[in-house]
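Everything on this sheet refers to the single structure shown next.
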Amino acid sequence: MSGYEGKPVQAAIVGLGWWGKKMATLVNAGGAEMHFVHGVDPNPAEQGFAAERGMRFSSELGEALADPEVEAVILATPHSLHQSQIAQAVAAGKHVFCEKPLAMTRKDAEASVALCEKAGLVLGMGHERRFEPPIAEILDAAATGRLGRLLQIEANFSHDKFLGLDPSNWRLDAEQAPAGGMTATGIHLTDLSVKLMGPAKDVRVICENLASEISQGDTMSAHIRFKSGGSAYVSATLATPFISRFAVFGTLGWIEVRDKAHVESPDGWIVTEGWKGQPITTREVSPAEPVRDNLRAFARAVRGRETYPISGEEMIDNIALLEAIILSARSGAVEQL
């Protein structure tokens, strides 16, 4: 890698839909230690977007993988494609950053993680919530023992953005995106929960269709128990105005973080804290760009400067929980992991 020292990671963005365009615009504006040189999308109309940002354009992933300048691929594609696309990228010797969820089953997640590890390639995940400054504070407070014994998590990441989508959109397909908003938003909350509490033991889900024709259900909540003890309540609803709240409770204190706006246009956070023997406080945290910061962490791992902070084991544990949530949403029963 010595010949690449100081040079931004040259990457291809695969999928130029809503989120792919967000990432492409953000990264090529600078600060991510990465630069997109190639754009891939099956829709030829996206060639204009790619050209505006100085990217070559292809309609097939294989053309980007054959591009000698491309060191890494960022997958902003439907999750049903992730496993095969990761395998293709690894076969071509490219590092991979994959939007969430990595897979829909533990088995498929294990296969993708193992492929990248065996090839010595970095696998990054689109869990930018970890890179939000107040969430990073929670993770640090838990890791250093400041919160004491962790007891419970309460989390809700819901919105009504999908109500205006064309019914043919894959995000509204119950096979592609089951269990309410789990694959769109709830997967971030389970990622944080697994990071804080470890692997899940079991889960019970309530998933109903109360206010729309969304096939996967528009109102979803999951109650999760962890092998280490403790629990989490996670809600990911698709028929209510935007809310994003994450709260963790320990024996020495608790912290609640509320987003002021969706991560596509960050506007900062409101943080409320309660510590043993101290009055409750509330403060505001200025906006940041966690999507860019996650991609920068990936780029630094590609360059060998840092270890990517989301481990393969955590990725697998999160998808194992997602798989159980999908099963419970269909059965209404407690599903064991």
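To be explicit about the labels: the chains of the structure tokens are called A, B, and onward in the order shown, and within each one the residues are counted from 1, while ligands get numbers from 1 in the order they are shown.
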Which residues come within 10 Å of region 313-327 of chain A, counting only C-alpha atoms, excluding same-chain residues fewer than 3 positions away, as a PyMOL selection string?
chain A and resi 100-113+123-125+127+177-180+182-183+186-195+198-207+221-224+309-310+330-337
Could the residues of region 103-138 of chain A that have an atom at most 12 Å from region 264-276 of chain A be listed as CSV, each with its closest atom pair and the distance in Å to one decimal, counting only C-alpha atoms and ordered by chain and ascending residue number?
residue,atom,partner,partner_atom,distance
A:Glu128,CA,A:Glu264,CA,10.8
A:Arg129,CA,A:Pro266,CA,11.5
A:Glu132,CA,A:Trp269,CA,9.0
A:Pro133,CA,A:Trp269,CA,8.9
A:Pro134,CA,A:Val271,CA,7.2
A:Ile135,CA,A:Val271,CA,9.6
A:Glu137,CA,A:Val271,CA,10.4
A:Ile138,CA,A:Val271,CA,10.4
How would the residues just chosen look if you wrote them out with all heavy atoms as a compact mmCIF listing (two decimals), in the first residue's frame?
# COMPACT_ATOMS: atom_id res chain seq x y z
N GLU A 128 -24.12 4.29 9.97
CA GLU A 128 -23.59 5.62 10.32
C GLU A 128 -24.05 6.11 11.67
O GLU A 128 -23.46 7.03 12.23
CB GLU A 128 -23.96 6.63 9.24
CG GLU A 128 -25.43 6.93 9.11
CD GLU A 128 -26.17 5.95 8.23
OE1 GLU A 128 -25.53 5.16 7.52
OE2 GLU A 128 -27.41 5.97 8.26
N ARG A 129 -25.10 5.48 12.25
CA ARG A 129 -25.54 5.92 13.57
C ARG A 129 -24.41 5.87 14.59
O ARG A 129 -24.33 6.69 15.50
CB ARG A 129 -26.71 5.06 14.07
CG ARG A 129 -27.96 5.00 13.21
CD ARG A 129 -28.68 6.33 13.07
NE ARG A 129 -28.83 7.07 14.28
CZ ARG A 129 -29.98 7.25 14.94
NH1 ARG A 129 -31.09 6.69 14.51
NH2 ARG A 129 -30.04 8.02 16.00
N GLU A 132 -22.50 9.17 14.81
CA GLU A 132 -23.11 10.41 15.30
C GLU A 132 -22.45 10.76 16.63
O GLU A 132 -22.34 9.90 17.51
CB GLU A 132 -24.61 10.21 15.48
CG GLU A 132 -25.34 9.94 14.18
CD GLU A 132 -26.81 9.59 14.39
OE1 GLU A 132 -27.26 9.61 15.55
OE2 GLU A 132 -27.49 9.30 13.39
N PRO A 133 -21.98 12.00 16.82
CA PRO A 133 -21.23 12.33 18.03
C PRO A 133 -21.90 11.91 19.34
O PRO A 133 -21.23 11.31 20.20
CB PRO A 133 -21.05 13.85 17.92
CG PRO A 133 -21.01 14.09 16.44
CD PRO A 133 -22.01 13.13 15.86
N PRO A 134 -23.20 12.16 19.56
CA PRO A 134 -23.78 11.76 20.84
C PRO A 134 -23.93 10.25 20.99
O PRO A 134 -23.86 9.72 22.12
CB PRO A 134 -25.14 12.45 20.86
CG PRO A 134 -25.48 12.69 19.43
CD PRO A 134 -24.17 12.92 18.74
N ILE A 135 -24.11 9.53 19.89
CA ILE A 135 -24.16 8.07 19.97
C ILE A 135 -22.76 7.53 20.27
O ILE A 135 -22.60 6.59 21.07
CB ILE A 135 -24.70 7.45 18.66
CG1 ILE A 135 -26.15 7.88 18.43
CG2 ILE A 135 -24.58 5.94 18.70
CD1 ILE A 135 -27.15 7.39 19.46
N GLU A 137 -20.64 9.01 22.04
CA GLU A 137 -20.48 9.26 23.48
C GLU A 137 -21.11 8.14 24.30
O GLU A 137 -20.56 7.71 25.32
CB GLU A 137 -21.11 10.59 23.86
CG GLU A 137 -20.35 11.81 23.38
CD GLU A 137 -21.04 13.11 23.79
OE1 GLU A 137 -21.87 13.08 24.72
OE2 GLU A 137 -20.77 14.14 23.16
N ILE A 138 -22.30 7.67 23.88
CA ILE A 138 -22.95 6.56 24.57
C ILE A 138 -22.08 5.31 24.52
O ILE A 138 -21.88 4.63 25.54
CB ILE A 138 -24.34 6.27 23.96
CG1 ILE A 138 -25.34 7.36 24.36
CG2 ILE A 138 -24.85 4.89 24.40
CD1 ILE A 138 -26.73 7.15 23.78
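The shortest atom-to-atom distance to Ala89 (chain A), with only C-alpha atoms taken into account, belongs to A:Gly62 out of A:Pro68, A:Pro44, A:Gly148, A:Gly62.
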Identify which of the residues A:Ile153, A:Ala92, A:Ala297, A:Leu61 lies closest to Ser235 (chain A), counting only C-alpha atoms when measuring atom-to-atom distances.
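Ranked by minimum distance to Ser235 (chain A), first place goes to A:Ile153.
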Write out as a PyMOL selection string all residues of region 92-220 of chain A that DSSP puts in strand (DSSP E or B) for this structure's backbone.
chain A and resi 95-98+123-125+150-158+200-208+219-220
In Å, how far is it from CA of Leu75 (chain A) to CA of Met220 (chain A)?
26.6 Å
Could you work out how far CA of Gly250 (chain A) lies from CA of Leu147 (chain A), giving the answer in Å with one decimal?
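According to the coordinates, CA of Leu147 (chain A) and CA of Gly250 (chain A) are separated by 5.1 Å.
Among A:Gly164, A:Gly230, A:Gly15, A:Gly20, the residue with the shortest atom-to-atom distance to Val40 (chain A), counting only C-alpha atoms, is A:Gly15.
Distances to Leu165 (chain A) were evaluated for A:Asp259, A:Trp18, A:Ile13, A:Leu252 using only C-alpha atoms, and the minimum falls at A:Trp18.
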Surrounding residues of Leu172 (chain A) excluding itself and chain neighbours under 2 positions, 10 Å, only C-alpha atoms, as a PyMOL selection string:
chain A and resi 162-163+165-170+174-178+180-181+213-217
Who sits within 9 Å of Ile86 (chain A), only C-alpha atoms, same chain under 6 positions skipped, as a list of chain:residue names:
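Result of the neighbour search: A:Val73, A:Leu75, A:His95, A:Val96, A:Phe97, A:Cys98, A:Ser112, A:Leu115, A:Cys116.
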Restrict the calculation to only C-alpha atoms, then for each residue of region 32-97 of chain A with any atom at most 12 Å from an atom of region 287-293 of chain A give the closest atom pair and their distance in Å to one decimal, rows by chain and rising residue number, as a tab-separated table.
residue	atom	partner	partner_atom	distance
A:Ala32	CA	A:Arg292	CA	5.6
A:Glu33	CA	A:Arg292	CA	9.3
A:Met34	CA	A:Arg292	CA	9.5
A:His35	CA	A:Arg292	CA	11.3
A:Phe97	CA	A:Val291	CA	11.9
DSSP-assigned helix (DSSP H, G or I) among region 103-184 of chain A, expressed as number ranges by chain:
A: 106-119, 128-131, 133-143, 161-164, 170-172, 182-184
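Between CA of Phe36 (chain A) and CA of Gly6 (chain A) lies a distance of 16.0 Å.
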Spatial neighbours of Asp218 (chain A), max dist 8 Å, only C-alpha atoms, sep filter under 5 positions, as a ChimeraX atom specification:
/A:180-181,207-212,237-239
Using only C-alpha atoms, the shortest atom-to-atom distance to Glu256 (chain A) among A:Ala155, A:Ala66, A:Leu16, A:Leu295 belongs to A:Ala155
Neighbouring residues of Glu60 (chain A) were defined as those with any atom within 9 Å, considering only C-alpha atoms; residues of the same chain fewer than 5 positions away were excluded. Please report them as a list in words.
Val14, Val40, Asp41 and Pro42 of chain A
Residues at most 9 Å from region 150-152 of chain A, counting only C-alpha atoms, excluding those fewer than 5 positions away in the same chain, as a PDB file with N, CA, C and O atoms, in the first residue's frame?
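Done, and the output landed in out.pdb:
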ATOM      1  N   ALA A 142     -20.458   3.475  27.816  1.00  0.00           N
ATOM      2  CA  ALA A 142     -20.709   2.068  28.137  1.00  0.00           C
ATOM      3  C   ALA A 142     -19.398   1.289  28.219  1.00  0.00           C
ATOM      4  O   ALA A 142     -19.181   0.504  29.154  1.00  0.00           O
ATOM      5  N   LEU A 196     -23.885  -2.723  22.263  1.00  0.00           N
ATOM      6  CA  LEU A 196     -23.909  -2.400  23.691  1.00  0.00           C
ATOM      7  C   LEU A 196     -24.161  -3.618  24.572  1.00  0.00           C
ATOM      8  O   LEU A 196     -23.569  -3.740  25.654  1.00  0.00           O
ATOM      9  N   MET A 197     -25.043  -4.511  24.135  1.00  0.00           N
ATOM     10  CA  MET A 197     -25.516  -5.593  25.004  1.00  0.00           C
ATOM     11  C   MET A 197     -25.018  -6.981  24.612  1.00  0.00           C
ATOM     12  O   MET A 197     -25.213  -7.937  25.351  1.00  0.00           O
ATOM     13  N   GLY A 229     -28.214 -10.824  29.664  1.00  0.00           N
ATOM     14  CA  GLY A 229     -29.205 -10.155  30.508  1.00  0.00           C
ATOM     15  C   GLY A 229     -29.517  -8.784  29.939  1.00  0.00           C
ATOM     16  O   GLY A 229     -28.773  -8.229  29.129  1.00  0.00           O
ATOM     17  N   GLY A 230     -30.643  -8.225  30.372  1.00  0.00           N
ATOM     18  CA  GLY A 230     -31.061  -6.932  29.852  1.00  0.00           C
ATOM     19  C   GLY A 230     -31.940  -7.080  28.628  1.00  0.00           C
ATOM     20  O   GLY A 230     -32.082  -8.170  28.057  1.00  0.00           O
ATOM     21  N   SER A 231     -32.541  -5.972  28.214  1.00  0.00           N
ATOM     22  CA  SER A 231     -33.505  -6.014  27.118  1.00  0.00           C
ATOM     23  C   SER A 231     -33.452  -4.731  26.310  1.00  0.00           C
ATOM     24  O   SER A 231     -32.859  -3.736  26.723  1.00  0.00           O
ATOM     25  N   ALA A 232     -34.120  -4.787  25.154  1.00  0.00           N
ATOM     26  CA  ALA A 232     -34.239  -3.601  24.301  1.00  0.00           C
ATOM     27  C   ALA A 232     -35.626  -3.582  23.683  1.00  0.00           C
ATOM     28  O   ALA A 232     -36.166  -4.625  23.301  1.00  0.00           O
ATOM     29  N   TYR A 233     -36.179  -2.382  23.598  1.00  0.00           N
ATOM     30  CA  TYR A 233     -37.416  -2.144  22.845  1.00  0.00           C
ATOM     31  C   TYR A 233     -37.033  -1.348  21.609  1.00  0.00           C
ATOM     32  O   TYR A 233     -36.408  -0.282  21.714  1.00  0.00           O
ATOM     33  N   ALA A 247     -32.117   5.589  23.637  1.00  0.00           N
ATOM     34  CA  ALA A 247     -31.868   5.797  25.065  1.00  0.00           C
ATOM     35  C   ALA A 247     -31.325   4.516  25.683  1.00  0.00           C
ATOM     36  O   ALA A 247     -31.815   3.417  25.397  1.00  0.00           O
ATOM     37  N   VAL A 248     -30.296   4.656  26.498  1.00  0.00           N
ATOM     38  CA  VAL A 248     -29.714   3.507  27.188  1.00  0.00           C
ATOM     39  C   VAL A 248     -29.692   3.802  28.688  1.00  0.00           C
ATOM     40  O   VAL A 248     -29.405   4.928  29.114  1.00  0.00           O
ATOM     41  N   PHE A 249     -30.021   2.770  29.479  1.00  0.00           N
ATOM     42  CA  PHE A 249     -30.169   2.916  30.928  1.00  0.00           C
ATOM     43  C   PHE A 249     -29.213   1.966  31.643  1.00  0.00           C
ATOM     44  O   PHE A 249     -29.188   0.764  31.356  1.00  0.00           O
ATOM     45  N   GLY A 250     -28.425   2.531  32.555  1.00  0.00           N
ATOM     46  CA  GLY A 250     -27.510   1.734  33.356  1.00  0.00           C
ATOM     47  C   GLY A 250     -27.685   2.033  34.833  1.00  0.00           C
ATOM     48  O   GLY A 250     -28.461   2.916  35.211  1.00  0.00           O
ATOM     49  N   THR A 251     -26.968   1.318  35.672  1.00  0.00           N
ATOM     50  CA  THR A 251     -27.102   1.495  37.117  1.00  0.00           C
ATOM     51  C   THR A 251     -26.534   2.825  37.602  1.00  0.00           C
ATOM     52  O   THR A 251     -26.920   3.319  38.667  1.00  0.00           O
ATOM     53  N   LEU A 252     -25.633   3.427  36.836  1.00  0.00           N
ATOM     54  CA  LEU A 252     -25.018   4.691  37.254  1.00  0.00           C
ATOM     55  C   LEU A 252     -25.551   5.903  36.491  1.00  0.00           C
ATOM     56  O   LEU A 252     -25.283   7.038  36.882  1.00  0.00           O
TER      57      LEU A 252
END
